[in-house]
Structures are given as structure tokens and as C-alpha cells.
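First the structure, in the form of C-alpha cells, and then the observations on it.
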Protein chains: 2
Amino acid sequence: MYCQSCREEYGSEEAGTCKECYEEASETEEELHREIDHLKSLLCFLRLTPPPSPPPPHSGLLLLHSLADASASASPVPAHRAVLVSRSPVFKAMLDNEMEESRSGVIKIPDASTKVLRSFIDYLYTAETTLDEDIAPELLILAEKYQVNHLKVFCERYMTSKVNHENAIACYAFAHRHNAKQLLDAALSLIIENMATLREREEYKELVERDPRLVVELYEAYLCRQANLASTKDSNAKV
Amino acid sequence: MYCQSCREEYGSEEAGTCKECYEEASETEEELHREIDHLKSLLCFLRLTPPPSPPPPHSGLLLLHSLADASASASPVPAHRAVLVSRSPVFKAMLDNEMEESRSGVIKIPDASTKVLRSFIDYLYTAETTLDEDIAPELLILAEKYQVNHLKVFCERYMTSKVNHENAIACYAFAHRHNAKQLLDAALSLIIENMATLREREEYKELVERDPRLVVELYEAYLCRQANLASTKDSNAKV
């Protein structure tokens, strides 16, 4: 008989579905594609354009100043109050409660460069921004501080995709500091794969100096996995 | 052999797919579901909360006044300039060009009730609103006037789902007036199904009085479909 999908012949051992189920599945797939198109059009509609920098005079826009940028050429990043308030509970508390920022219209951001700040605001308006390996961790920190969870997940997912044997220890420490569970697990798995050579690595020695507790947790996680593996093997042997 | 989807036995004539294609299709479906979840979370993030009515003092919000509402209790609907400008090219032109509305902060909406206006603003902030058979046509008119195409399609789709033999003529006339092609086609199909009894109906007589050209177009569409049907039959007969 012939497969209706790949058009090749197959025997009864290689049987997948009957015709009815095949047709139903194709319909479902079409429906899902239609739903995706619909959601994309909603997204496109809801995205806002971030305001130009510098903003027009008397626009009532808030200005976010990077205190980390010493360069005179760095200009503040403008943003609408309504957008900041709706995306971040921290900005909401700050701006709803007539704190200094609300009166002055200026928000000082201590630890982020203007470039990161601009990327941050882009995300608040459009739910997208371009990441690279420099910007992702800085942006994650900003997202954590202002409780923009959606952006934090976005950065964490990117960083997790970039973990390798070289940066695993640094990622592990970073993930621990910023409660990034997915990144932590990915980094830990890679570290554990190379326990034999761990102690010779420069980053390891630095981490022992800087944060020995974190190293202890690393060993604990290692032992825990070993115990799990052993008990799985054990119960398999019994079966 | 057994279908891996419904678990029932089938013969070679009822064969759908081979195992490999079945597994691939299942994976695709899972991926599509993941994409849908991802898009929904983006949507959720991008939705804004419409401002409360009445707005807080000195908020700088624009106020939309319904001129159609004579009731003293109807209060204006507040909205952020940035949202109006980003969703509607008409508002953009109005507010970017320092017209009266831009200076006064008040936008007068002649033909819509406050209820419809509120629904309109809800859609601009969230890309969703609750429709019923009263509100949908009024909202479609507003969407057309302010060129919020996304909302127009939303209303038109709803109205198309509600076309029946009773309201087909009214829907046809409405769709014609407001360039709603999908609704027009749906109404036309229903009218054409009942051409025999058309001339006895009250709405038909009213339409002949009010807009005879529209009735002519209706007959033209009817003849056109008949000719198409005949030629299809003809070519089928030849084959």
C-alpha cells in the first residue's frame, strides 16, 4: 500500500495511520496554521512604535537616563508612561505613587548602558529585540530588576542556547545570581559532563575564591545526579 | 494492521500514512502547538489596559466624546495619544498635525454611542472586544471611518457568521455601503438561494425604493452565477 504523505510503498509492519485519521490530522494542521496566522496578525496590530530619540518638545514623554554611560553623546531614551506602567510592576509602583520620577519625568537607570536601555524599551513596545552574547545578560538583569518576566524568559532562552564547555562555569554563576533555572540546569549538565577536568580550569579557581558556596552546590548537584543514576540502574537490574 | 492514531484495524485500501510520516506529522503538530503558546504569551504581554473613566486629573489623556449620546450620564472615553496614533492613520493625521483636537485634547465622534466608543477603544488597546448583533455594525462603521482595518475585519467576520434568510437583504445593503466583500458574498449567496420568493419580501420592496441600483447589481450577480453554472455543466458534459 502507499503512504498518502510521502507517496512511497510500505508494508504492514511500517503502518502508521488509516486514511480517515490521516485526513483528520491534515485538517488539524491546516487549522493550526490558520490560528498561527490569526495570532500573528493580532501581534502585528498590538505592537507599538517606540518614540523617536530625541522626543518632540512638550510630548510629555518620560526620559530614561543611563548612569552607566559616561559618554557625552549618549542621549536619554524616551518612553510613554502608559507603556512602562503596563509592562513593569516596578515602573507602575514608581509612577503611580508620585515619586520623584513621576514628577520630574526622568528615570535614572544605574547599571545599564544606553544601548541596553534602548533594547529594553524596544522590547516593551514590540515584544521583540535583537540579542547578542553581550546584550543578553545585561538585558536579563534589567528585566529582572523591573520585573518584566516575559523579557527575562526571552533572554534566558537565548543564553541557554549559547551555553558551551567554555562558558559553562560563568553561566552557572550568572544563572545562580539571577534565578535563571533553565540556564542553571543547562550549565550544570555541561559542567557535570567534565567533572574530571573541572578543578584545573581558571574559572573554577576564581569561583572558589569568589563564591565557595556556589561550588559546594555544584558538587551537591553532581552527587545527587550520581545517586539518581545509581538507583535507576539498580531498579532496572531488579526488573 | 493497526492505525497508530485511532488504534483500529484497517485494510490496505484504507491506508493513510507509513509510520515514519505519522511520527513526523505528530512532531509537526506539537511544534505548531508550541508556536501557538508562544504567540499567545506575546499577545498577552503586548495588550495594554485601557485607562479608567473618568481619567485621573492632569493625566494628559485625550477624551473621546460621543455626539450621538444625548444622555447626560454618558461620560467621555479617555485614551492615550500614542495608542490612537499607532492604531489609526486617521487619528495619526489628526493628532500629528496640530489640528484642533490635538490642542484641546478632545475628539468629537459624531455617529457612535458611548457604548460603541468604549468598545472601539477596548479593541485599540487589547485587540479584542465583545460583539453582539447591535454593536458589530456600528463598530464596523467606526473602524472603517478611522481606518482600523484589523477591527473592521473582526466585525465583518462576526456579521458574516450571523447572516441568515431573515437579515440577508439588510446585510447585503450594509455590506455594499461599507465595502465588506466577505459579508456581501455571504448575503448574496443566501439571497440567490431564494430568488423565487424575493420579490414578495418587505425588505426587498424597501431596497427597490431606497437604492434601486443595488437591486440591479443583485440581479446581475444572480445572472452571472447562473451563466457560470451553465458553462460548468456544459464543459462537464463535453468531458
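Naming scheme: A, B, ... for chains in displayed order of the C-alpha cells; residues 1 onward per chain; ligands 1 onward as shown.
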Could you name the residues that touch A:Ile141 at 8 Å or less, counting only C-alpha atoms, but leaving out those on the same chain fewer than 3 positions away, as a PDB file with N, CA and C atoms, in the first residue's frame?
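So selection_33.pdb came out as:
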ATOM      1  N   PRO A 137      22.850  39.065  28.673  1.00  0.00           N
ATOM      2  CA  PRO A 137      22.910  39.057  30.140  1.00  0.00           C
ATOM      3  C   PRO A 137      22.568  40.409  30.768  1.00  0.00           C
ATOM      4  N   GLU A 138      23.003  41.495  30.141  1.00  0.00           N
ATOM      5  CA  GLU A 138      22.687  42.827  30.702  1.00  0.00           C
ATOM      6  C   GLU A 138      21.184  43.075  30.686  1.00  0.00           C
ATOM      7  N   GLU A 144      14.974  41.519  35.126  1.00  0.00           N
ATOM      8  CA  GLU A 144      14.737  41.000  36.478  1.00  0.00           C
ATOM      9  C   GLU A 144      14.445  42.154  37.440  1.00  0.00           C
ATOM     10  N   LYS A 145      15.252  43.203  37.330  1.00  0.00           N
ATOM     11  CA  LYS A 145      15.109  44.331  38.250  1.00  0.00           C
ATOM     12  C   LYS A 145      13.738  44.989  38.121  1.00  0.00           C
ATOM     13  N   LYS A 152      12.677  38.515  30.562  1.00  0.00           N
ATOM     14  CA  LYS A 152      13.679  37.696  31.246  1.00  0.00           C
ATOM     15  C   LYS A 152      13.724  36.294  30.634  1.00  0.00           C
ATOM     16  N   HIS A 178      20.905  35.249  39.281  1.00  0.00           N
ATOM     17  CA  HIS A 178      19.691  35.888  38.751  1.00  0.00           C
ATOM     18  C   HIS A 178      18.505  34.928  38.632  1.00  0.00           C
TER      19      HIS A 178
END
Which residues come within 6 Å of stretch 118-131 of chain B, counting only C-alpha atoms, excluding same-chain residues fewer than 6 positions away, as JSON, numbers by chain?
-> {"B": [47, 48, 50]}
Kindly save the residues from that selection, with N, CA, C and O atoms included, as a CSV table (one decimal), in the first residue's frame.
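Wrote it out as part_8.csv, contents follow:
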chain,number,residue,atom,x,y,z
B,47,ARG,N,-0.8,43.4,25.2
B,47,ARG,CA,-2.0,44.1,25.5
B,47,ARG,C,-1.8,45.1,26.5
B,47,ARG,O,-1.1,45.0,27.5
B,48,LEU,N,-2.5,46.3,26.3
B,48,LEU,CA,-2.4,47.4,27.3
B,48,LEU,C,-3.8,47.5,28.0
B,48,LEU,O,-4.8,47.0,27.4
B,50,PRO,N,-6.9,49.6,29.0
B,50,PRO,CA,-7.4,50.9,28.7
B,50,PRO,C,-7.5,51.8,30.0
B,50,PRO,O,-7.7,51.2,31.1
Nearest candidate to A:Gly16 (options A:Leu46, A:Cys3, A:Leu207, A:Leu117; using only C-alpha atoms) |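 So, comparing all the options, the nearest one is A:Cys3.
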Give the helix (DSSP H, G or I) residues of stretch 38-174 of chain A, as DSSP finds them on the backbone, and put them as a VMD selection string.
-> chain A and resid 38 to 46 81 to 87 89 to 96 100 to 104 114 to 126 135 to 145 149 to 161 168 to 174
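Residue nearest chain A, chosen from B:Cys224, B:Met1, B:Leu63, B:Leu198 and counting only C-alpha atoms: B:Met1.
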